[in-house]
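Have a look at the structure below, then the notes.
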Amino acid sequence: MTSPPDFRAAVLALALGAFAIGTSEFAAMGLLPYFAADLALTEPQAGHVISAYALGVVVGAPVTAILGARLPRRRYLAALMAFYGVVNLIAAVMPDLATLTGMRFLAGLPHGGFLGVAMLYAADALPPEQRGRGLARVLLGLTVANIVGVPLAGWMGQSIGWRWGFALPGVLALISAWLILRVAPRVGGNPDARPWDELYALKNPRVLWVLAVGAIGFGGLFAVYAFLTAGILATTDAPGYVIPLTLAVFGVGGTLGTWGAGRLTERMGIDRAAYLSLAAMAATQGFAALVVGSWPLMVLSSFLIAAGAGLVIPLQTRLMDVAGSAQNMAAAMNHAAFNAANALGPFLAGMALAAGWGWRAPGLVGVALTAAGAVALTLSIRQDRKRDRAGSAPATSAG
């Protein structure tokens, strides 16, 4: 992967896969009312379709890491994306809740493996000091999906049927798989890799601490985002165009934030960039709590909370440093951790709303989770420093 044209084409193919994943994951939330009505489901029942995908991500991350340990990354990534495309297309024709839920679970399986290894693939193509830039370029596909893919899938679901909203990312995923095979440079697999060694990442305290930072700290973003549009509808008299505008603005903020986080990680270092990202997240979530009731400022808060949430870049870079030979597992589990955050944040924010805390509650819960993530990051850094001191301590001899 030394040729710049090859690298650019390969990253574009990988970013298209990330775009397909982002479109499928987030558009499903917007399509929920349409497939619920068509399949005669209640909204809580239809919510199982969303939860099944997140569960698939958590289950699939370690499984795909083990299966792909010896495979050449180009073929591995193409295979995951082809599977993702086929399953999304099958989901688009499912006739009932059980089959649709099952297909969405299967669709979640390659999510973490693809995004994690795609980011490693891009990072390995650049000098060590530019790894954050490679990670960000792939992840931009995920954030751009919120600007283009999710609104397009939502429009298709509203205008020509929800099934087209699932079919769109399926087609994009198949195109991505074909492009990866065509343009990504050939990099041989590691024949000496021992697939079950990937599981050692789950016993490595340094890896687990980094995953905890993502699972807890990023929950704050999802706590706010999950209830942002509902808060706008409940507390303001916003015009009809404000909700799609809020979603698109969130995508723009995420795209700019991801790009900036890659550069920030390169210039400031991993730990400082992570702390700065957490501080920005807490500030923007606090702002979101303060501006409830003003739809223009709530739309602005959508942009800010996404722009400040570049934490995934320094965390992924840190995982590359601490995971040792279990790179695939650590990278995949990073995305599983963020899906855990996607469950934790809305759950706690929903409890706060149910307890009568009002529509400022999601922002306050977000700040608390982000602060907890900062504590986890501090403990993670201390764990590393203790290990380094123990490793550098001079040996003593008896007698």
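In the structure tokens, chains take the letters A, B, ... in the order shown, each chain's residues start at 1, and ligands count up from 1 in the order shown.
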Which neighbours of A:Leu228 fall inside 12 Å, counting only C-alpha atoms, when residues of the same chain fewer than 4 positions from it are skipped, and could you give them as a PDB file with C-alpha atoms, in the first residue's frame?
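File produced: selection_9.pdb:
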ATOM      1  CA  LEU A 221     -23.604  11.500  22.906  1.00  0.00           C
ATOM      2  CA  PHE A 222     -26.313   8.883  22.385  1.00  0.00           C
ATOM      3  CA  ALA A 223     -28.190   9.997  25.495  1.00  0.00           C
ATOM      4  CA  VAL A 224     -28.653  13.429  23.931  1.00  0.00           C
ATOM      5  CA  ILE A 232     -37.767  19.577  19.818  1.00  0.00           C
ATOM      6  CA  LEU A 233     -41.296  18.341  19.076  1.00  0.00           C
ATOM      7  CA  ALA A 234     -42.288  18.374  22.760  1.00  0.00           C
ATOM      8  CA  THR A 235     -40.878  21.763  23.787  1.00  0.00           C
ATOM      9  CA  THR A 236     -41.044  23.981  20.673  1.00  0.00           C
ATOM     10  CA  VAL A 242     -36.605  21.314  11.376  1.00  0.00           C
ATOM     11  CA  ILE A 243     -36.427  17.575  12.131  1.00  0.00           C
ATOM     12  CA  PRO A 244     -34.714  16.531   8.863  1.00  0.00           C
ATOM     13  CA  THR A 246     -31.486  18.557  12.667  1.00  0.00           C
ATOM     14  CA  LEU A 247     -30.486  15.108  11.393  1.00  0.00           C
ATOM     15  CA  PHE A 250     -25.773  16.310  13.017  1.00  0.00           C
ATOM     16  CA  GLN A 285     -24.019  18.164  26.023  1.00  0.00           C
ATOM     17  CA  ALA A 288     -27.898  20.965  24.733  1.00  0.00           C
ATOM     18  CA  ALA A 289     -29.476  20.829  28.196  1.00  0.00           C
ATOM     19  CA  VAL A 291     -31.128  25.432  25.221  1.00  0.00           C
ATOM     20  CA  VAL A 292     -34.155  23.134  25.493  1.00  0.00           C
ATOM     21  CA  GLY A 293     -37.219  25.055  24.316  1.00  0.00           C
ATOM     22  CA  SER A 294     -35.492  27.044  21.540  1.00  0.00           C
ATOM     23  CA  TRP A 295     -35.516  25.055  18.314  1.00  0.00           C
ATOM     24  CA  LEU A 297     -30.431  26.597  19.414  1.00  0.00           C
ATOM     25  CA  MET A 298     -31.413  22.922  19.661  1.00  0.00           C
ATOM     26  CA  VAL A 299     -30.543  22.504  15.973  1.00  0.00           C
ATOM     27  CA  LEU A 300     -27.223  24.206  16.707  1.00  0.00           C
ATOM     28  CA  SER A 301     -26.693  21.796  19.616  1.00  0.00           C
ATOM     29  CA  SER A 302     -27.155  18.893  17.172  1.00  0.00           C
ATOM     30  CA  PHE A 303     -24.214  20.193  15.158  1.00  0.00           C
ATOM     31  CA  ILE A 305     -22.551  17.498  19.967  1.00  0.00           C
ATOM     32  CA  PRO A 346     -30.585   6.257  25.748  1.00  0.00           C
ATOM     33  CA  ALA A 349     -31.703   9.168  29.633  1.00  0.00           C
ATOM     34  CA  GLY A 350     -35.051   7.406  29.210  1.00  0.00           C
ATOM     35  CA  TRP A 359     -36.338  17.387  28.646  1.00  0.00           C
ATOM     36  CA  ARG A 360     -33.075  18.756  30.016  1.00  0.00           C
ATOM     37  CA  ALA A 361     -32.410  15.309  31.474  1.00  0.00           C
ATOM     38  CA  PRO A 362     -30.727  13.761  28.392  1.00  0.00           C
ATOM     39  CA  GLY A 363     -28.114  16.525  28.355  1.00  0.00           C
ATOM     40  CA  GLY A 366     -24.823  12.948  28.846  1.00  0.00           C
TER      41      GLY A 366
END
Notebook entry, point to check: Can you tell me, as a list of chain:residue names, what residues are no more than 9 Å from A:Tyr275 when counting only C-alpha atoms, ignoring any on the same chain fewer than 4 positions away?
Noted result: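 Close residues of A:Tyr275: A:Ile270, A:Asp271, A:Ala279, A:Ala280, A:Leu311, A:Ala374, A:Leu377.
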Include N, CA, C and O atoms and write out the residues we just selected as a PDB file, in the first residue's frame.
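The resulting file, out-v7.pdb, is reproduced below:
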ATOM      1  N   ILE A 270      -2.231  10.965  21.608  1.00  0.00           N
ATOM      2  CA  ILE A 270      -3.464  10.219  21.841  1.00  0.00           C
ATOM      3  C   ILE A 270      -4.180  10.668  23.110  1.00  0.00           C
ATOM      4  O   ILE A 270      -5.375  10.967  23.092  1.00  0.00           O
ATOM      5  N   ASP A 271      -3.467  10.735  24.230  1.00  0.00           N
ATOM      6  CA  ASP A 271      -4.120  11.001  25.513  1.00  0.00           C
ATOM      7  C   ASP A 271      -4.698  12.414  25.567  1.00  0.00           C
ATOM      8  O   ASP A 271      -5.842  12.610  26.003  1.00  0.00           O
ATOM      9  N   ALA A 279     -13.796  16.612  26.936  1.00  0.00           N
ATOM     10  CA  ALA A 279     -14.170  17.941  27.427  1.00  0.00           C
ATOM     11  C   ALA A 279     -15.145  18.610  26.464  1.00  0.00           C
ATOM     12  O   ALA A 279     -16.131  19.240  26.892  1.00  0.00           O
ATOM     13  N   ALA A 280     -14.879  18.491  25.160  1.00  0.00           N
ATOM     14  CA  ALA A 280     -15.778  19.085  24.169  1.00  0.00           C
ATOM     15  C   ALA A 280     -17.148  18.427  24.219  1.00  0.00           C
ATOM     16  O   ALA A 280     -18.188  19.094  24.097  1.00  0.00           O
ATOM     17  N   LEU A 311     -14.077  11.218  19.695  1.00  0.00           N
ATOM     18  CA  LEU A 311     -13.357  10.357  20.629  1.00  0.00           C
ATOM     19  C   LEU A 311     -12.920   9.037  20.006  1.00  0.00           C
ATOM     20  O   LEU A 311     -11.901   8.464  20.402  1.00  0.00           O
ATOM     21  N   ALA A 374     -14.200  10.110  31.280  1.00  0.00           N
ATOM     22  CA  ALA A 374     -12.915  10.745  31.581  1.00  0.00           C
ATOM     23  C   ALA A 374     -12.228  10.054  32.754  1.00  0.00           C
ATOM     24  O   ALA A 374     -10.999   9.893  32.772  1.00  0.00           O
ATOM     25  N   LEU A 377     -10.745   6.934  31.406  1.00  0.00           N
ATOM     26  CA  LEU A 377      -9.534   7.233  30.648  1.00  0.00           C
ATOM     27  C   LEU A 377      -8.350   7.456  31.584  1.00  0.00           C
ATOM     28  O   LEU A 377      -7.235   6.965  31.326  1.00  0.00           O
TER      29      LEU A 377
END
Checklist line | Selection: 7 Å around A:Thr258, only C-alpha atoms, excl. self and same-chain fewer than 6 positions, as a PyMOL selection string | finding: chain A and resi 136+140+310
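Comparing the minimum interatomic distances between A:Phe26 and each of A:Pro110, A:Pro72, A:Gly219, A:Gly149, counting only C-alpha atoms, we find that A:Gly149 sits nearest.
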Next item on the list: Would you mind listing what lies within 8 Å of stretch 30-43 of chain A as a list in words, with only C-alpha atoms counted and same-chain residues fewer than 6 positions away left out?
Entry: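 Neighbouring residues, sequence-local ones excluded: Pro95, Asp96, Leu97, Gly154, Gly157, Gln158, Gly161, Trp162, Arg163 and Gly165 of chain A.
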Note to self: Using only C-alpha atoms for the distances, tell me which of A:Leu364, A:Ala153, A:Val207, A:Leu264 is nearest to A:Ser325.
What the structure shows: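 Once distances to A:Ser325 are computed over only C-alpha atoms, the minimum belongs to A:Val207.
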Margin query: List as a count of residues only the protein and nucleic acid residues near stretch 176-181 of chain A, meaning an atom at most 10 Å away when only C-alpha atoms are counted, but skip any in the same chain fewer than 3 places from it.
Written below: 31
Next item on the list: Would you work out the distance separating atom CA of A:His335 from atom CA of A:Gly253, expressed in Å to one decimal?
Entry: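 Distance reported for this atom pair: 19.8 Å.
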Note to self: Please list as a list in words every residue within 7 Å of A:Val117, counting only C-alpha atoms and excluding residues in the same chain fewer than 3 positions away.
What the structure shows: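 Contacts, with the query itself left out: Gly113, Phe114, Leu120, Tyr121, Asn328, Ala331 and Ala332 of chain A.
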Notebook entry, point to check: For A:Ala107, which of A:Ala354, A:Leu152, A:Leu89, A:Ala330 is the closest residue, counting only C-alpha atoms?
Noted result: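 Looking at the shortest contact to A:Ala107, the residue is A:Leu89.
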Next item on the list: Have a look at A:Leu304, A:Val365, A:Leu142, A:Val210 and name the one nearest to A:Gln383; count only C-alpha atoms.
Entry: A:Val210
If you run DSSP on the backbone, which residues of stretch 208-337 of chain A are helix (DSSP H, G or I), as a compact mmCIF listing (two decimals) with N, CA and C atoms, in the first residue's frame?
# COMPACT_ATOMS: atom_id res chain seq x y z
N LEU A 208 -9.18 -3.56 27.74
CA LEU A 208 -10.50 -3.46 28.37
C LEU A 208 -10.75 -2.05 28.91
N TRP A 209 -9.71 -1.39 29.43
CA TRP A 209 -9.90 -0.03 29.92
C TRP A 209 -10.25 0.92 28.78
N VAL A 210 -9.58 0.76 27.64
CA VAL A 210 -9.89 1.63 26.50
C VAL A 210 -11.32 1.38 26.02
N LEU A 211 -11.73 0.12 25.98
CA LEU A 211 -13.10 -0.20 25.58
C LEU A 211 -14.10 0.40 26.56
N ALA A 212 -13.76 0.41 27.84
CA ALA A 212 -14.65 1.00 28.85
C ALA A 212 -14.81 2.50 28.63
N VAL A 213 -13.73 3.17 28.23
CA VAL A 213 -13.84 4.61 27.94
C VAL A 213 -14.87 4.85 26.85
N GLY A 214 -14.83 4.06 25.78
CA GLY A 214 -15.79 4.23 24.70
C GLY A 214 -17.20 3.86 25.10
N ALA A 215 -17.36 2.73 25.80
CA ALA A 215 -18.70 2.25 26.16
C ALA A 215 -19.40 3.19 27.12
N ILE A 216 -18.63 3.84 28.02
CA ILE A 216 -19.22 4.75 29.01
C ILE A 216 -19.24 6.18 28.48
N GLY A 217 -18.07 6.67 28.07
CA GLY A 217 -17.95 8.08 27.68
C GLY A 217 -18.79 8.44 26.49
N GLY A 219 -21.52 7.12 25.67
CA GLY A 219 -22.95 7.03 25.98
C GLY A 219 -23.60 8.38 26.11
N GLY A 220 -22.81 9.39 26.49
CA GLY A 220 -23.36 10.74 26.61
C GLY A 220 -23.88 11.28 25.30
N LEU A 221 -23.15 11.04 24.22
CA LEU A 221 -23.60 11.50 22.91
C LEU A 221 -24.95 10.88 22.56
N PHE A 222 -25.07 9.57 22.76
CA PHE A 222 -26.31 8.88 22.39
C PHE A 222 -27.46 9.24 23.32
N ALA A 223 -27.15 9.57 24.57
CA ALA A 223 -28.19 10.00 25.50
C ALA A 223 -28.88 11.25 24.98
N VAL A 224 -28.09 12.18 24.45
CA VAL A 224 -28.65 13.43 23.93
C VAL A 224 -29.29 13.22 22.56
N TYR A 225 -28.58 12.55 21.66
CA TYR A 225 -29.05 12.43 20.29
C TYR A 225 -30.34 11.61 20.19
N ALA A 226 -30.47 10.58 21.02
CA ALA A 226 -31.64 9.71 20.93
C ALA A 226 -32.94 10.46 21.20
N LEU A 228 -33.21 14.00 21.03
CA LEU A 228 -33.14 15.38 20.58
C LEU A 228 -34.35 15.77 19.76
N THR A 229 -34.71 14.96 18.76
CA THR A 229 -35.86 15.33 17.92
C THR A 229 -37.16 15.27 18.73
N ALA A 230 -37.28 14.28 19.62
CA ALA A 230 -38.48 14.22 20.46
C ALA A 230 -38.57 15.46 21.36
N GLY A 231 -37.42 15.92 21.86
CA GLY A 231 -37.40 17.12 22.68
C GLY A 231 -37.81 18.36 21.90
N ILE A 232 -37.37 18.44 20.66
CA ILE A 232 -37.77 19.58 19.82
C ILE A 232 -39.28 19.59 19.62
N LEU A 233 -39.85 18.43 19.31
CA LEU A 233 -41.30 18.34 19.08
C LEU A 233 -42.09 18.63 20.35
N ALA A 234 -41.55 18.23 21.51
CA ALA A 234 -42.29 18.37 22.76
C ALA A 234 -42.18 19.77 23.36
N THR A 235 -41.11 20.50 23.08
CA THR A 235 -40.88 21.76 23.79
C THR A 235 -40.90 22.99 22.89
N VAL A 242 -37.66 21.25 10.36
CA VAL A 242 -36.61 21.31 11.38
C VAL A 242 -36.06 19.93 11.72
N ILE A 243 -36.90 18.91 11.75
CA ILE A 243 -36.43 17.58 12.13
C ILE A 243 -35.42 17.03 11.12
N PRO A 244 -35.76 16.98 9.80
CA PRO A 244 -34.71 16.53 8.86
C PRO A 244 -33.49 17.44 8.86
N LEU A 245 -33.67 18.74 9.09
CA LEU A 245 -32.54 19.65 9.17
C LEU A 245 -31.65 19.28 10.35
N THR A 246 -32.25 18.94 11.48
CA THR A 246 -31.49 18.56 12.67
C THR A 246 -30.63 17.33 12.39
N LEU A 247 -31.22 16.33 11.71
CA LEU A 247 -30.49 15.11 11.39
C LEU A 247 -29.33 15.39 10.43
N ALA A 248 -29.60 16.23 9.42
CA ALA A 248 -28.54 16.55 8.46
C ALA A 248 -27.42 17.35 9.11
N VAL A 249 -27.78 18.30 9.96
CA VAL A 249 -26.79 19.11 10.66
C VAL A 249 -25.92 18.24 11.57
N PHE A 250 -26.54 17.25 12.20
CA PHE A 250 -25.77 16.31 13.02
C PHE A 250 -24.73 15.59 12.17
N GLY A 251 -25.12 15.19 10.97
CA GLY A 251 -24.17 14.52 10.08
C GLY A 251 -23.02 15.42 9.67
N VAL A 252 -23.32 16.69 9.39
CA VAL A 252 -22.28 17.64 9.02
C VAL A 252 -21.30 17.82 10.19
N GLY A 253 -21.84 17.99 11.39
CA GLY A 253 -20.98 18.15 12.56
C GLY A 253 -20.10 16.94 12.78
N GLY A 254 -20.68 15.74 12.62
CA GLY A 254 -19.89 14.52 12.80
C GLY A 254 -18.78 14.39 11.78
N THR A 255 -19.06 14.79 10.55
CA THR A 255 -18.04 14.72 9.50
C THR A 255 -16.87 15.65 9.81
N LEU A 256 -17.18 16.88 10.16
CA LEU A 256 -16.12 17.84 10.49
C LEU A 256 -15.37 17.42 11.75
N GLY A 257 -16.11 16.90 12.74
CA GLY A 257 -15.48 16.48 13.98
C GLY A 257 -14.54 15.30 13.79
N THR A 258 -14.93 14.36 12.93
CA THR A 258 -14.08 13.20 12.67
C THR A 258 -12.81 13.62 11.95
N TRP A 259 -12.94 14.47 10.96
CA TRP A 259 -11.77 14.96 10.24
C TRP A 259 -10.83 15.69 11.19
N GLY A 260 -11.39 16.55 12.03
CA GLY A 260 -10.57 17.30 12.97
C GLY A 260 -9.93 16.42 14.02
N ALA A 261 -10.63 15.36 14.45
CA ALA A 261 -10.08 14.47 15.47
C ALA A 261 -8.86 13.73 14.96
N GLY A 262 -8.86 13.38 13.68
CA GLY A 262 -7.68 12.72 13.11
C GLY A 262 -6.47 13.62 13.17
N ARG A 263 -6.62 14.88 12.76
CA ARG A 263 -5.50 15.82 12.80
C ARG A 263 -5.10 16.14 14.24
N LEU A 264 -6.09 16.25 15.11
CA LEU A 264 -5.82 16.58 16.52
C LEU A 264 -5.01 15.47 17.19
N THR A 265 -5.34 14.23 16.89
CA THR A 265 -4.62 13.10 17.47
C THR A 265 -3.17 13.10 17.02
N GLU A 266 -2.93 13.46 15.75
CA GLU A 266 -1.56 13.51 15.24
C GLU A 266 -0.75 14.61 15.93
N ARG A 267 -1.37 15.76 16.14
CA ARG A 267 -0.62 16.92 16.65
C ARG A 267 -0.47 16.92 18.16
N MET A 268 -1.50 16.47 18.89
CA MET A 268 -1.48 16.57 20.35
C MET A 268 -1.09 15.27 21.03
N ILE A 270 -2.23 10.97 21.61
CA ILE A 270 -3.46 10.22 21.84
C ILE A 270 -4.18 10.67 23.11
N ASP A 271 -3.47 10.73 24.23
CA ASP A 271 -4.12 11.00 25.51
C ASP A 271 -4.70 12.41 25.57
N ARG A 272 -3.92 13.39 25.14
CA ARG A 272 -4.43 14.76 25.16
C ARG A 272 -5.63 14.93 24.24
N ALA A 273 -5.57 14.29 23.06
CA ALA A 273 -6.70 14.38 22.13
C ALA A 273 -7.94 13.74 22.72
N ALA A 274 -7.77 12.63 23.44
CA ALA A 274 -8.92 11.96 24.06
C ALA A 274 -9.53 12.83 25.15
N TYR A 275 -8.68 13.43 25.99
CA TYR A 275 -9.21 14.31 27.04
C TYR A 275 -9.92 15.52 26.43
N LEU A 276 -9.33 16.10 25.39
CA LEU A 276 -9.96 17.25 24.76
C LEU A 276 -11.30 16.87 24.14
N SER A 277 -11.38 15.70 23.53
CA SER A 277 -12.64 15.23 22.95
C SER A 277 -13.70 15.07 24.03
N LEU A 278 -13.32 14.49 25.17
CA LEU A 278 -14.27 14.31 26.26
C LEU A 278 -14.73 15.66 26.82
N ALA A 279 -13.80 16.61 26.94
CA ALA A 279 -14.17 17.94 27.43
C ALA A 279 -15.14 18.61 26.46
N ALA A 280 -14.88 18.49 25.16
CA ALA A 280 -15.78 19.09 24.17
C ALA A 280 -17.15 18.43 24.22
N MET A 281 -17.17 17.10 24.41
CA MET A 281 -18.44 16.39 24.49
C MET A 281 -19.25 16.87 25.70
N ALA A 282 -18.61 16.99 26.85
CA ALA A 282 -19.32 17.44 28.05
C ALA A 282 -19.87 18.85 27.87
N ALA A 283 -19.06 19.74 27.28
CA ALA A 283 -19.49 21.12 27.07
C ALA A 283 -20.69 21.19 26.14
N THR A 284 -20.64 20.45 25.04
CA THR A 284 -21.74 20.51 24.08
C THR A 284 -23.01 19.85 24.61
N GLN A 285 -22.84 18.80 25.43
CA GLN A 285 -24.02 18.16 26.02
C GLN A 285 -24.65 19.08 27.07
N GLY A 286 -23.82 19.79 27.82
CA GLY A 286 -24.35 20.78 28.75
C GLY A 286 -25.09 21.89 28.02
N PHE A 287 -24.54 22.32 26.89
CA PHE A 287 -25.22 23.33 26.08
C PHE A 287 -26.58 22.81 25.61
N ALA A 288 -26.63 21.54 25.20
CA ALA A 288 -27.90 20.97 24.73
C ALA A 288 -28.95 20.99 25.84
N ALA A 289 -28.52 20.78 27.08
CA ALA A 289 -29.48 20.83 28.20
C ALA A 289 -29.97 22.25 28.44
N LEU A 290 -29.11 23.22 28.27
CA LEU A 290 -29.47 24.61 28.56
C LEU A 290 -30.43 25.21 27.54
N TRP A 295 -35.90 26.00 19.37
CA TRP A 295 -35.52 25.05 18.31
C TRP A 295 -34.29 25.49 17.51
N PRO A 296 -34.07 26.79 17.24
CA PRO A 296 -32.84 27.13 16.51
C PRO A 296 -31.58 26.73 17.29
N LEU A 297 -31.60 26.95 18.62
CA LEU A 297 -30.43 26.60 19.41
C LEU A 297 -30.32 25.08 19.58
N MET A 298 -31.46 24.38 19.58
CA MET A 298 -31.41 22.92 19.66
C MET A 298 -30.85 22.32 18.37
N VAL A 299 -31.16 22.94 17.23
CA VAL A 299 -30.54 22.50 15.97
C VAL A 299 -29.04 22.75 16.03
N LEU A 300 -28.64 23.91 16.54
CA LEU A 300 -27.22 24.21 16.71
C LEU A 300 -26.57 23.18 17.63
N SER A 301 -27.27 22.78 18.69
CA SER A 301 -26.69 21.80 19.62
C SER A 301 -26.48 20.46 18.92
N SER A 302 -27.33 20.13 17.94
CA SER A 302 -27.16 18.89 17.17
C SER A 302 -25.82 18.91 16.44
N PHE A 303 -25.50 20.05 15.85
CA PHE A 303 -24.21 20.19 15.16
C PHE A 303 -23.06 20.10 16.15
N LEU A 304 -23.18 20.76 17.28
CA LEU A 304 -22.07 20.85 18.23
C LEU A 304 -21.78 19.50 18.90
N ILE A 305 -22.82 18.76 19.28
CA ILE A 305 -22.55 17.50 19.97
C ILE A 305 -21.89 16.50 19.01
N ALA A 306 -22.23 16.59 17.72
CA ALA A 306 -21.58 15.70 16.75
C ALA A 306 -20.16 16.16 16.45
N ALA A 307 -19.97 17.48 16.31
CA ALA A 307 -18.64 18.01 15.99
C ALA A 307 -17.65 17.75 17.11
N VAL A 312 -13.66 8.56 19.02
CA VAL A 312 -13.35 7.25 18.45
C VAL A 312 -11.96 7.21 17.83
N ILE A 313 -11.46 8.33 17.31
CA ILE A 313 -10.16 8.33 16.64
C ILE A 313 -9.01 8.11 17.64
N PRO A 314 -8.88 8.92 18.71
CA PRO A 314 -7.78 8.63 19.65
C PRO A 314 -7.94 7.28 20.35
N LEU A 315 -9.17 6.83 20.58
CA LEU A 315 -9.35 5.53 21.22
C LEU A 315 -8.90 4.40 20.30
N GLN A 316 -9.26 4.49 19.03
CA GLN A 316 -8.84 3.45 18.09
C GLN A 316 -7.31 3.45 17.96
N THR A 317 -6.71 4.63 17.92
CA THR A 317 -5.25 4.72 17.84
C THR A 317 -4.60 4.12 19.08
N ARG A 318 -5.17 4.40 20.24
CA ARG A 318 -4.64 3.86 21.49
C ARG A 318 -4.74 2.33 21.51
N LEU A 319 -5.85 1.81 21.00
CA LEU A 319 -6.02 0.37 20.95
C LEU A 319 -4.95 -0.29 20.08
N MET A 320 -4.58 0.37 18.99
CA MET A 320 -3.54 -0.17 18.13
C MET A 320 -2.22 -0.32 18.88
N ASP A 321 -1.99 0.56 19.85
CA ASP A 321 -0.74 0.53 20.60
C ASP A 321 -0.74 -0.51 21.71
N VAL A 322 -1.92 -0.83 22.27
CA VAL A 322 -1.96 -1.69 23.45
C VAL A 322 -2.43 -3.10 23.15
N GLN A 327 -4.80 -7.30 17.07
CA GLN A 327 -5.26 -6.04 16.48
C GLN A 327 -6.70 -6.15 15.95
N ASN A 328 -7.01 -7.24 15.26
CA ASN A 328 -8.36 -7.38 14.70
C ASN A 328 -9.42 -7.38 15.79
N MET A 329 -9.19 -8.15 16.85
CA MET A 329 -10.16 -8.22 17.93
C MET A 329 -10.35 -6.87 18.59
N ALA A 330 -9.27 -6.18 18.91
CA ALA A 330 -9.37 -4.89 19.58
C ALA A 330 -10.10 -3.88 18.72
N ALA A 331 -9.78 -3.85 17.42
CA ALA A 331 -10.43 -2.89 16.53
C ALA A 331 -11.91 -3.18 16.40
N ALA A 332 -12.27 -4.46 16.28
CA ALA A 332 -13.68 -4.81 16.16
C ALA A 332 -14.44 -4.51 17.45
N MET A 333 -13.82 -4.82 18.59
CA MET A 333 -14.49 -4.60 19.86
C MET A 333 -14.66 -3.12 20.17
N ASN A 334 -13.83 -2.27 19.59
CA ASN A 334 -14.01 -0.84 19.78
C ASN A 334 -15.38 -0.41 19.28
N HIS A 335 -15.78 -0.93 18.12
CA HIS A 335 -17.09 -0.58 17.57
C HIS A 335 -18.22 -1.26 18.35
N ALA A 336 -17.94 -2.44 18.90
CA ALA A 336 -18.91 -3.07 19.78
C ALA A 336 -19.12 -2.20 21.03
N ALA A 337 -18.03 -1.62 21.54
CA ALA A 337 -18.14 -0.75 22.71
C ALA A 337 -19.01 0.46 22.42
Check: With distances taken over only C-alpha atoms, which of A:Ala167, A:Ala323, A:Val150, A:Leu55 is nearest to A:Lys203?
Finding: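 Of A:Ala167, A:Ala323, A:Val150, A:Leu55, the one nearest A:Lys203, counting only C-alpha atoms, is A:Ala323.
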Next item on the list: Would you please work out which residue, of A:Leu353, A:Ala122, A:Ile66, A:Leu139, is nearest to A:Ala326 when using only C-alpha atoms?
Entry: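 Under the stated criterion, the closest residue is A:Ile66.
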